[in-house]
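**Student:** Sending over final_15.tsv (TSV, C-alpha atoms and all ligand atoms).
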```tsv
chain	number	residue	atom	x	y	z
A	24	MET	CA	108.02	187.25	108.92
A	25	ALA	CA	105.85	184.28	108.03
A	26	GLY	CA	102.25	183.24	107.59
A	27	ILE	CA	100.25	180.18	108.55
A	28	TYR	CA	97.44	178.79	106.41
A	29	ILE	CA	95.01	176.29	107.98
A	30	HIS	CA	92.85	174.37	105.51
A	31	ILE	CA	89.42	173.32	106.77
A	32	PRO	CA	88.29	170.74	104.18
A	33	PHE	CA	84.53	170.65	104.72
A	34	CYS	CA	81.57	172.30	102.99
A	35	LYS	CA	77.79	172.00	103.29
A	36	GLN	CA	77.41	171.37	99.59
A	37	ALA	CA	79.55	171.41	96.45
A	38	CYS	CA	79.51	174.61	94.43
A	39	SER	CA	79.34	173.65	90.77
A	40	TYR	CA	82.55	175.46	89.72
A	41	CYS	CA	84.77	174.54	92.66
A	42	ASP	CA	87.94	172.45	92.41
A	43	PHE	CA	89.29	173.08	95.91
A	44	HIS	CA	89.69	170.15	98.24
A	45	PHE	CA	86.69	169.63	100.52
A	46	SER	CA	84.27	166.96	101.65
A	47	THR	CA	80.55	167.33	102.37
A	48	LYS	CA	80.77	164.42	104.86
A	49	LEU	CA	81.31	165.95	108.26
A	50	ASN	CA	81.47	162.70	110.26
A	51	ASN	CA	85.29	162.69	110.43
A	52	LYS	CA	85.62	166.39	111.18
A	53	GLN	CA	87.07	165.87	114.67
A	54	LYS	CA	89.70	163.45	113.33
A	55	VAL	CA	90.83	166.00	110.77
A	56	LEU	CA	90.93	168.80	113.34
A	57	ASN	CA	93.02	166.58	115.65
A	58	GLY	CA	95.29	165.89	112.67
A	59	ILE	CA	95.70	169.62	111.98
A	60	GLU	CA	96.65	170.32	115.60
A	61	LYS	CA	99.14	167.46	115.49
A	62	GLU	CA	100.58	168.75	112.21
A	63	LEU	CA	101.05	172.20	113.77
A	64	GLU	CA	103.15	170.52	116.47
A	65	LEU	CA	105.15	168.55	113.90
A	66	ARG	CA	105.94	171.62	111.79
A	67	VAL	CA	107.16	174.13	114.35
A	68	ALA	CA	110.68	174.01	112.88
A	69	TYR	CA	109.36	175.07	109.45
A	70	ILE	CA	108.72	178.57	110.80
A	71	GLY	CA	111.63	178.52	113.26
A	72	GLU	CA	112.17	181.79	115.11
A	73	GLU	CA	110.24	183.90	112.61
A	74	ILE	CA	107.35	186.00	113.78
A	75	VAL	CA	103.98	184.92	112.45
A	76	GLU	CA	102.25	188.01	111.07
A	77	THR	CA	99.23	186.34	109.50
A	78	ILE	CA	97.01	183.33	110.13
A	79	TYR	CA	94.46	182.40	107.50
A	80	LEU	CA	91.71	179.83	108.05
A	81	GLY	CA	90.66	178.88	104.54
A	82	GLY	CA	88.92	176.02	102.86
A	83	GLY	CA	86.54	174.52	102.31
A	84	THR	CA	84.38	176.42	104.72
A	85	PRO	CA	86.05	177.31	108.03
A	86	SER	CA	82.88	179.12	109.18
A	87	LEU	CA	81.32	175.65	109.57
A	88	LEU	CA	83.45	175.25	112.70
A	89	SER	CA	82.09	176.17	116.11
A	90	GLU	CA	83.58	178.93	118.22
A	91	THR	CA	85.21	176.24	120.41
A	92	GLU	CA	86.79	174.48	117.44
A	93	ILE	CA	88.17	177.75	116.03
A	94	GLN	CA	89.41	178.79	119.45
A	95	SER	CA	91.17	175.46	119.91
A	96	LEU	CA	93.05	175.80	116.56
A	97	LEU	CA	94.09	179.37	117.34
A	98	THR	CA	95.15	178.56	120.91
A	99	LYS	CA	97.27	175.68	119.63
A	100	THR	CA	98.86	177.91	116.97
A	101	ASN	CA	99.62	180.62	119.54
A	102	SER	CA	101.13	178.13	121.95
A	103	LEU	CA	103.57	176.80	119.33
A	104	PHE	CA	104.53	179.86	117.30
A	105	ASP	CA	105.59	183.42	117.98
A	106	VAL	CA	102.41	185.10	116.74
A	107	SER	CA	102.59	188.88	116.52
A	108	SER	CA	100.17	190.71	118.84
A	109	ASP	CA	98.74	192.56	115.84
A	110	ALA	CA	98.68	189.58	113.48
A	111	GLU	CA	96.03	189.59	110.76
A	112	ILE	CA	93.81	186.58	111.51
A	113	THR	CA	91.35	185.84	108.71
A	114	LEU	CA	88.41	183.47	108.59
A	115	GLU	CA	86.88	182.52	105.25
A	116	ALA	CA	83.16	182.42	105.81
A	117	ASN	CA	80.00	181.67	103.89
A	118	PRO	CA	76.91	183.86	104.29
A	119	ASP	CA	74.62	181.03	105.48
A	120	ASP	CA	76.90	180.45	108.49
A	121	LEU	CA	77.17	184.09	109.50
A	122	THR	CA	74.07	184.58	111.63
A	123	LEU	CA	74.15	187.41	114.14
A	124	ASP	CA	74.73	184.88	116.96
A	125	LYS	CA	77.60	183.22	115.10
A	126	LEU	CA	79.20	186.58	114.39
A	127	LYS	CA	79.00	187.48	118.09
A	128	GLU	CA	80.72	184.18	118.91
A	129	LEU	CA	83.45	184.88	116.37
A	130	LYS	CA	84.06	188.21	118.07
A	131	ASN	CA	85.10	186.21	121.17
A	132	THR	CA	87.99	184.71	119.21
A	133	SER	CA	91.05	186.52	117.86
A	134	ILE	CA	89.66	186.48	114.31
A	135	ASN	CA	89.96	190.09	113.12
A	136	ARG	CA	89.25	189.77	109.41
A	137	LEU	CA	86.40	188.06	107.55
A	138	SER	CA	86.60	187.00	103.92
A	139	ILE	CA	83.00	186.36	102.92
A	140	GLY	CA	82.13	184.17	99.91
A	141	VAL	CA	79.15	186.15	98.63
A	142	GLN	CA	79.81	185.55	94.87
A	143	SER	CA	76.57	187.30	93.83
A	144	PHE	CA	73.61	189.10	95.38
A	145	PHE	CA	71.29	187.47	92.79
A	146	GLU	CA	69.35	184.30	93.47
A	147	LYS	CA	69.68	183.25	89.82
A	148	ASP	CA	73.50	183.27	89.97
A	149	LEU	CA	73.60	181.57	93.38
A	150	ARG	CA	71.34	178.72	92.22
A	151	PHE	CA	73.39	178.31	89.03
A	152	MET	CA	76.60	178.05	91.09
A	153	ASN	CA	74.87	175.73	93.61
A	154	ARG	CA	75.82	177.97	96.51
A	155	ALA	CA	74.41	177.04	99.92
A	156	HIS	CA	73.20	180.59	100.67
A	157	ASN	CA	70.47	182.76	99.22
A	158	SER	CA	70.49	186.40	98.14
A	159	SER	CA	69.08	187.79	101.38
A	160	GLU	CA	71.69	185.91	103.44
A	161	ALA	CA	74.35	187.39	101.13
A	162	LEU	CA	73.34	190.88	102.17
A	163	ASP	CA	72.29	190.27	105.78
A	164	CYS	CA	75.55	188.62	106.81
A	165	ILE	CA	77.56	191.66	105.76
A	166	LYS	CA	75.28	194.07	107.61
A	167	ASN	CA	75.41	191.83	110.69
A	168	ALA	CA	79.20	191.61	110.53
A	169	GLN	CA	79.34	195.39	110.44
A	170	LYS	CA	76.84	195.56	113.31
A	171	VAL	CA	79.10	193.51	115.59
A	172	GLU	CA	82.03	195.67	114.46
A	173	PHE	CA	84.09	193.45	112.28
A	174	LEU	CA	86.00	196.34	110.74
A	175	ASN	CA	88.11	194.35	108.32
A	176	ILE	CA	85.83	192.60	105.85
A	177	SER	CA	86.48	191.32	102.35
A	178	VAL	CA	83.78	190.13	99.97
A	179	ASP	CA	84.26	187.66	97.10
A	180	LEU	CA	82.26	188.21	93.91
A	181	ILE	CA	82.26	186.22	90.66
A	182	PHE	CA	81.74	187.77	87.23
A	183	GLY	CA	81.40	186.26	83.76
A	184	SER	CA	79.04	183.51	84.84
A	185	GLN	CA	76.59	182.25	82.20
A	186	THR	CA	73.72	183.70	84.27
A	187	THR	CA	75.30	187.08	85.06
A	188	THR	CA	74.16	189.73	82.61
A	189	LYS	CA	75.92	193.07	82.32
A	190	GLU	CA	73.10	194.71	84.28
A	191	MET	CA	73.31	192.12	87.05
A	192	TRP	CA	77.07	192.53	87.36
A	193	GLN	CA	76.69	196.30	87.57
A	194	LYS	CA	74.07	195.85	90.29
A	195	ASN	CA	76.38	193.47	92.20
A	196	LEU	CA	79.13	196.07	92.07
A	197	ASP	CA	76.78	198.89	93.13
A	198	THR	CA	75.49	196.80	96.04
A	199	PHE	CA	79.04	196.02	97.13
A	200	PHE	CA	80.20	199.66	97.04
A	201	ASP	CA	77.05	200.85	98.85
A	202	LEU	CA	77.98	198.60	101.79
A	203	GLY	CA	81.11	200.65	102.54
A	204	ILE	CA	83.50	197.68	102.68
A	205	ASN	CA	87.21	198.23	102.05
A	206	HIS	CA	88.22	195.02	100.29
A	207	LEU	CA	86.90	193.13	97.26
A	208	SER	CA	88.12	189.90	95.66
A	209	ALA	CA	86.53	189.56	92.23
A	210	TYR	CA	87.13	186.48	90.10
A	211	SER	CA	86.04	185.56	86.62
A	212	LEU	CA	84.23	182.26	86.46
A	213	THR	CA	86.48	179.57	85.03
A	214	ILE	CA	85.59	176.02	84.13
A	215	GLU	CA	87.91	173.75	86.08
A	216	GLU	CA	88.37	170.11	85.15
A	217	LYS	CA	86.30	167.48	86.95
A	218	THR	CA	83.84	169.99	88.41
A	219	ALA	CA	80.05	169.69	88.06
A	220	LEU	CA	80.14	172.76	85.81
A	221	ALA	CA	82.75	171.20	83.49
A	222	HIS	CA	80.52	168.14	83.27
A	223	GLN	CA	77.45	170.25	82.44
A	224	VAL	CA	79.38	172.10	79.72
A	225	ALA	CA	80.74	168.85	78.26
A	226	LYS	CA	77.19	167.42	78.11
A	227	GLY	CA	75.94	170.56	76.40
A	228	LYS	CA	73.57	171.36	79.27
A	229	VAL	CA	75.28	174.68	79.94
A	230	GLU	CA	77.12	176.97	77.53
A	231	ASN	CA	80.83	177.48	77.95
A	232	VAL	CA	81.96	180.76	79.50
A	233	ASN	CA	82.14	183.58	77.04
A	234	ASP	CA	85.57	185.28	76.97
A	235	GLU	CA	84.16	188.50	75.54
A	236	GLN	CA	81.51	188.74	78.24
A	237	ASN	CA	84.19	188.00	80.83
A	238	TYR	CA	86.44	190.77	79.59
A	239	GLU	CA	83.55	193.24	79.29
A	240	GLN	CA	82.63	192.60	82.94
A	241	TYR	CA	86.28	192.89	83.97
A	242	LEU	CA	86.39	196.35	82.35
A	243	MET	CA	83.17	197.30	84.16
A	244	LEU	CA	84.89	196.27	87.37
A	245	GLN	CA	87.94	198.40	86.53
A	246	LYS	CA	85.72	201.42	85.94
A	247	ALA	CA	83.76	200.89	89.16
A	248	ILE	CA	86.84	200.53	91.35
A	249	LYS	CA	88.27	203.80	90.03
A	250	GLN	CA	84.98	205.62	90.60
A	251	ASN	CA	84.91	204.34	94.18
A	252	GLY	CA	88.51	205.15	95.09
A	253	PHE	CA	89.73	201.53	95.21
A	254	GLU	CA	93.10	200.37	93.92
A	255	GLN	CA	93.74	197.10	92.17
A	256	TYR	CA	96.72	195.62	93.98
A	257	GLU	CA	96.48	192.16	92.43
A	258	LEU	CA	94.73	190.63	89.44
A	259	SER	CA	91.62	189.73	91.48
A	260	ASN	CA	92.04	191.93	94.57
A	261	TYR	CA	90.98	195.50	95.17
A	262	CYS	CA	91.03	197.67	98.25
A	263	LYS	CA	90.62	201.13	99.69
A	264	ASN	CA	92.47	202.91	102.48
A	265	GLY	CA	95.36	200.43	102.38
A	266	ALA	CA	93.20	197.46	103.43
A	267	TYR	CA	95.43	194.95	101.60
A	268	SER	CA	95.15	191.32	102.61
A	269	LYS	CA	98.46	190.96	104.46
A	270	HIS	CA	98.34	187.19	104.16
A	271	ASN	CA	97.87	187.05	100.41
A	272	THR	CA	100.28	189.92	99.84
A	273	SER	CA	103.01	187.96	101.66
A	274	TYR	CA	102.27	185.02	99.42
A	275	TRP	CA	102.60	187.14	96.27
A	276	GLN	CA	105.83	188.59	97.62
A	277	SER	CA	107.25	185.05	97.97
A	278	LYS	CA	107.43	185.19	101.78
A	279	LYS	CA	107.50	181.96	103.72
A	280	TYR	CA	104.20	180.30	104.62
A	281	LEU	CA	103.31	177.11	106.40
A	282	GLY	CA	100.15	175.34	105.21
A	283	VAL	CA	98.52	172.72	107.43
A	284	GLY	CA	95.54	170.45	106.81
A	285	PRO	CA	94.58	168.20	103.89
A	286	SER	CA	95.78	169.58	100.51
A	287	ALA	CA	97.50	172.61	102.09
A	288	HIS	CA	100.66	173.92	100.42
A	289	SER	CA	103.77	175.31	102.09
A	290	PHE	CA	106.58	177.41	100.62
A	291	ASN	CA	109.94	178.50	102.01
A	292	ASP	CA	111.88	179.81	99.00
A	293	THR	CA	113.96	176.65	98.59
A	294	SER	CA	111.13	174.11	98.43
A	295	ARG	CA	107.39	173.76	98.22
A	296	GLN	CA	105.32	170.92	99.58
A	297	TRP	CA	101.72	169.88	99.50
A	298	ASN	CA	99.68	167.67	101.79
A	299	VAL	CA	97.60	164.73	100.60
A	300	ARG	CA	94.18	165.77	99.22
A	301	ASN	CA	92.19	163.20	101.17
A	302	ASN	CA	90.79	163.75	104.67
A	303	LEU	CA	91.00	160.15	105.87
A	304	LEU	CA	94.46	159.47	104.43
A	305	TYR	CA	95.67	162.72	105.96
A	306	SER	CA	94.32	161.95	109.45
A	307	LYS	CA	95.64	158.38	109.34
A	308	ALA	CA	99.11	159.37	108.13
A	309	ILE	CA	99.43	162.09	110.75
A	310	GLY	CA	98.28	159.61	113.43
A	311	ASN	CA	100.68	156.84	112.26
A	312	GLY	CA	103.63	159.13	111.71
A	313	THR	CA	103.80	158.21	108.01
A	314	ALA	CA	104.26	160.57	105.04
A	315	TYR	CA	101.34	162.93	104.48
A	316	PHE	CA	102.94	165.27	101.98
A	317	GLU	CA	105.03	165.45	98.84
A	318	LYS	CA	107.90	167.86	98.51
A	319	GLU	CA	109.77	169.46	95.65
A	320	GLU	CA	113.12	171.17	96.03
A	321	LEU	CA	113.15	174.27	93.85
A	322	SER	CA	115.87	174.82	91.29
A	323	GLU	CA	116.92	178.39	90.55
A	324	ILE	CA	114.79	178.35	87.43
A	325	ASP	CA	111.76	177.15	89.43
A	326	ARG	CA	112.26	179.99	91.88
A	327	TYR	CA	112.54	182.44	88.99
A	328	HIS	CA	109.29	181.18	87.44
A	329	GLU	CA	107.53	181.22	90.81
A	330	HIS	CA	108.68	184.81	91.25
A	331	LEU	CA	107.29	185.83	87.83
A	332	ILE	CA	103.95	184.13	88.42
A	333	THR	CA	103.33	185.69	91.82
A	334	SER	CA	104.79	189.17	91.38
A	335	LEU	CA	103.47	190.07	87.93
A	336	ARG	CA	99.90	189.60	89.20
A	337	THR	CA	100.38	192.50	91.60
A	338	MET	CA	100.59	196.27	91.25
A	339	TRP	CA	104.10	196.13	92.77
A	340	GLY	CA	105.31	193.89	89.92
A	341	ILE	CA	108.93	192.77	89.84
A	342	ASN	CA	111.39	194.74	91.93
A	343	LEU	CA	114.44	194.74	89.68
A	344	ASN	CA	116.88	195.55	92.49
A	345	SER	CA	115.85	192.51	94.49
A	346	LEU	CA	115.70	190.38	91.32
A	347	ASN	CA	119.30	191.39	90.56
A	348	VAL	CA	120.57	190.10	93.89
A	349	SER	CA	118.41	186.96	93.99
A	350	PHE	CA	119.32	185.35	90.67
A	351	SER	CA	122.45	184.39	88.74
A	352	ASP	CA	123.80	186.32	85.76
A	353	LEU	CA	122.61	183.53	83.47
A	354	ILE	CA	118.97	183.97	84.54
A	355	LEU	CA	119.21	187.75	84.61
A	356	SER	CA	120.68	188.00	81.12
A	357	GLN	CA	117.77	185.92	79.76
A	358	PHE	CA	115.26	187.97	81.72
A	359	TYR	CA	116.52	191.32	80.42
A	360	LEU	CA	116.69	190.02	76.85
A	361	LYS	CA	113.08	188.91	77.08
A	362	VAL	CA	111.96	192.16	78.72
A	363	GLU	CA	113.23	194.02	75.66
A	364	THR	CA	110.76	192.13	73.47
A	365	LEU	CA	107.69	192.84	75.64
A	366	ASN	CA	104.96	195.03	74.26
A	367	LYS	CA	105.55	198.32	76.14
A	368	THR	CA	101.90	199.37	75.80
A	369	ILE	CA	101.06	196.51	78.21
A	370	VAL	CA	103.84	196.91	80.77
A	371	ASN	CA	105.55	199.74	82.63
A	372	LEU	CA	109.32	199.44	82.84
A	373	SER	CA	111.44	201.73	84.99
A	374	ALA	CA	114.96	201.42	86.42
A	375	GLU	CA	113.45	199.76	89.50
A	376	TYR	CA	110.25	197.97	88.51
A	377	LEU	CA	108.55	195.96	85.83
A	378	THR	CA	104.77	196.05	86.25
A	379	VAL	CA	101.81	195.06	84.14
A	380	LYS	CA	99.38	197.96	83.57
A	381	PRO	CA	96.16	197.40	85.56
A	382	GLU	CA	93.95	197.16	82.47
A	383	TYR	CA	96.16	194.30	81.22
A	384	LEU	CA	96.56	192.37	84.48
A	385	PHE	CA	93.86	190.11	83.09
A	386	GLN	CA	96.51	188.91	80.59
A	387	SER	CA	99.42	188.69	83.06
A	388	ASP	CA	99.72	184.92	82.46
A	389	GLU	CA	100.70	185.61	78.84
A	390	ILE	CA	103.40	188.05	79.93
A	391	VAL	CA	104.71	185.50	82.43
A	392	ARG	CA	104.93	182.92	79.64
A	393	GLU	CA	106.93	185.36	77.50
A	394	LEU	CA	109.44	185.82	80.33
A	395	MET	CA	109.84	182.16	81.18
A	396	ILE	CA	113.13	180.45	80.42
A	397	ASP	CA	113.15	177.00	78.89
A	398	PHE	CA	116.60	175.71	79.78
A	399	GLU	CA	117.87	174.23	83.04
A	400	ALA	CA	120.10	176.88	84.61
A	501	LIG	S1	81.99	176.80	99.67
A	501	LIG	FE1	83.97	177.34	98.74
A	501	LIG	S2	85.27	175.56	99.00
A	501	LIG	FE2	83.16	174.89	99.41
A	501	LIG	S3	82.44	174.07	97.47
A	501	LIG	FE3	81.84	176.23	97.52
A	501	LIG	S4	83.52	177.38	96.55
A	501	LIG	FE4	84.27	175.32	97.05
```
Please re-express this file's structure in C-alpha cells.
**Tutor:**
Amino acid sequence: MAGIYIHIPFCKQACSYCDFHFSTKLNNKQKVLNGIEKELELRVAYIGEEIVETIYLGGGTPSLLSETEIQSLLTKTNSLFDVSSDAEITLEANPDDLTLDKLKELKNTSINRLSIGVQSFFEKDLRFMNRAHNSSEALDCIKNAQKVEFLNISVDLIFGSQTTTKEMWQKNLDTFFDLGINHLSAYSLTIEEKTALAHQVAKGKVENVNDEQNYEQYLMLQKAIKQNGFEQYELSNYCKNGAYSKHNTSYWQSKKYLGVGPSAHSFNDTSRQWNVRNNLLYSKAIGNGTAYFEKEELSEIDRYHEHLITSLRTMWGINLNSLNVSFSDLILSQFYLKVETLNKTIVNLSAEYLTVKPEYLFQSDEIVRELMIDFEA
C-alpha cells in the first residue's frame, strides 16, 4: 500500500505565516504541470507493484487549477499506477476558489475528499494572516461543498494567533461543529523563519505568539472535541465516525509515499528524498533529464528517529511488537532504558503500546527528544 502526493506550487497571495514552497507568479504554471506529469512517468518504479490507496493534491493551492488540469494529473496518475478503485483522493482547496460552479466541476473528477483552508471565520484573523478569502467565503464554500454532496470534508483552523481572542476561538469552534463536518485539522500559529510574520515580529510591528494563550486555546479545543464526539488521532487532527485522513495516517505510520512536484518529499523506509524548491529549476531539470532532487539513505538510527517523530504524534503511538522486529537489540535496549525514565503521568505504557496522553500531545516533541539516541548504531 502506498500514497502519492502531488505538490501544486502556486498561490494567489502569500499568507503571512506560510513557509511552504509556492509562487504567486502563475505564468509558468503549464511548464510545472508538464514537469509533474513527466516526473510521474519517471518515478513509476518507486511505487512498483504496490497498490496506491491515496492521492493527495497539496500545495500551494491546488484548487487554483482548472477541472481540466486536475483531470489531466489524475488521468496520468491512473494510467501509470495501480490506483485502488476506492482510493482516497484529496484536494487541498482555499475558500475563495470554491464557488458553487467550481465545486460542481470538481464533482466531475475523481476527487472525493476536500481539505479546506478556512483558518478562521473572522475577518480580523484572515486580514492579519493575509489570507486571500473573506469570512463569508469561509462559510459559504463549506455549505456549497455540502450542497453538491462532497461527503468527506476537512477544515483547517488556526488558533493562538495574535488577533484570536479566547471568545473568537470558541466561536470558530462552535461554527465548525455546527456545520456537521467530520474532520478538523487545527494548528497553533507558529512563527517560521523568513516569513512575513517573522519579519513583522522582528521589527516589533507585531507581538510574538504567546505560549500561554496558545496552550489555553489548545485546551479549549480539547474540551470542544470531547463535547462533540470527536477523537484526536494526531497532534493537530481530529475526526468523528472514523473519518481519518487515510493519506496522512499512512504517512504517520511510516508507509511508503511518492511525492512529485517542486519541493515534494518521498519516503520508502530506506531513504527519503526531496525535490528542488524552485519551479523553474524543477521544470528545467525534469525537461533536461538532470538531477531535480536530493536523496538521503537512512541509517537504522535515522529510521528509529523518524519512527518516534511520526508515531508519537498519533493516538496509536508506538506499537512495541512491530518496534521489536524492526530494530536491532542495540537500539531497542536504549529505547527501553529511556522509556523507564519517562514521566508516566504524560504517557501510557502497556505491553503493546507507548502513547502520549491526548492532553500532552502538544508536548510530544519533548518526549521524542527524550527517546532519541545520540550515538551511531
Ligand atoms: S494558501 Fe496555503 S500554501 Fe499558499 S501561502 Fe497561504 S498557507 Fe501558504
**Student:** As a PyMOL selection string, please: every protein or nucleic acid residue near ligand LIG 501 (chain A) (cut-off 6 Å, counting all atoms listed in the file).
**Tutor:** chain A and resi 34+37-38+41+43+82-84
**Student:** Extract, using only C-alpha atoms, all DNA, RNA and protein residues at most 8 Å from Val55 (chain A), discarding same-chain residues fewer than 5 positions from it, and format them as a short mmCIF file (atom, residue, chain, number, x, y, z; two decimals) with C-alpha atoms, in the coordinates of the input.
**Tutor:**
```cif
data_model
loop_
_atom_site.label_atom_id
_atom_site.label_comp_id
_atom_site.auth_asym_id
_atom_site.auth_seq_id
_atom_site.Cartn_x
_atom_site.Cartn_y
_atom_site.Cartn_z
CA GLY A 284 95.54 170.45 106.81
CA ASN A 302 90.79 163.75 104.67
CA LEU A 303 91.00 160.15 105.87
CA TYR A 305 95.67 162.72 105.96
CA SER A 306 94.32 161.95 109.45
#
```
**Student:** List every protein, DNA or RNA residue that has an atom no more than 12 Å from (108.7, 176.1, 113.9) in the file's coordinate frame, counting only C-alpha atoms, and report them as a PyMOL selection string.
**Tutor:** chain A and resi 25-27+62-75+100-106+279-281
**Student:** Residues near region 130-139 of chain A, anyone? I mean within 6 Å using all atoms listed in the file, not counting same-chain ones fewer than 6 positions away, as a VMD selection string.
**Tutor:** chain A and resid 112 to 117 175 to 178
**Student:** Would you pick out the contacts of Glu317 (chain A) at 9 Å or less, using all atoms listed in the file, so that residues sharing its chain but fewer than 3 positions from it are not included, and give the list as a list in words?
**Tutor:**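 Everything that qualifies: Arg295, Gln296, Trp297, Asn298, Val299 and Ala314 of chain A.
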**Student:** So that I have them on file, write out the residues from the current selection with C-alpha atoms, as a compact mmCIF listing (two decimals), keeping the file's coordinate frame.
**Tutor:**
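Ended up saving to result.txt:
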```
# COMPACT_ATOMS: atom_id res chain seq x y z
CA ARG A 295 107.39 173.76 98.22
CA GLN A 296 105.32 170.92 99.58
CA TRP A 297 101.72 169.88 99.50
CA ASN A 298 99.68 167.67 101.79
CA VAL A 299 97.60 164.73 100.60
CA ALA A 314 104.26 160.57 105.04
```
**Student:** Which residues, written as a list of chain:residue names, have at least one atom at most 7 Å from region 156-171 of chain A, with all atoms listed in the file counted and residues fewer than 4 positions away on the same chain left out?
**Tutor:** A:Pro118, A:Asp119, A:Leu121, A:Thr122, A:Leu123, A:Leu126, A:Lys127, A:Val141, A:Phe144, A:Phe145, A:Glu146, A:Leu149
**Student:** Step by step, gather every atom of region 131-145 of chain A that the file lists, find the box along x, y and z that holds them, add 8 Å on each side, and finally give centre and edge lengths in Å to one decimal, as lines of an AutoDock Vina configuration file.
**Tutor:**
```
center_x = 81.2
center_y = 187.1
center_z = 107.0
size_x = 35.8
size_y = 21.9
size_z = 44.4
```
**Student:** From the set A:His30, A:Val283, A:Asn231, A:Asp42, which residue has the shortest atom-to-atom contact distance to Leu88 (chain A), counting all atoms listed in the file?
**Tutor:** A:His30
**Student:** Of the candidates A:Lys367, A:Lys307, A:Arg336, A:Lys226, which shows the shortest atom-to-atom distance to Lys61 (chain A), using only C-alpha atoms?
**Tutor:**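 Residue with the minimum atom-to-atom distance to Lys61 (chain A): A:Lys307.
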**Student:** Name all residues at most 9 Å from Asn237 (chain A) (count only C-alpha atoms; drop same-chain ones fewer than 3 positions away) and give them as a VMD selection string.
**Tutor:** chain A and resid 182 to 184 211 to 212 232 to 234 240 to 242
**Student:** Of the candidates A:Arg392, A:Lys318, A:Lys99, A:Lys361, which shows the shortest atom-to-atom distance to Leu335 (chain A), using all atoms listed in the file?
**Tutor:** A:Arg392
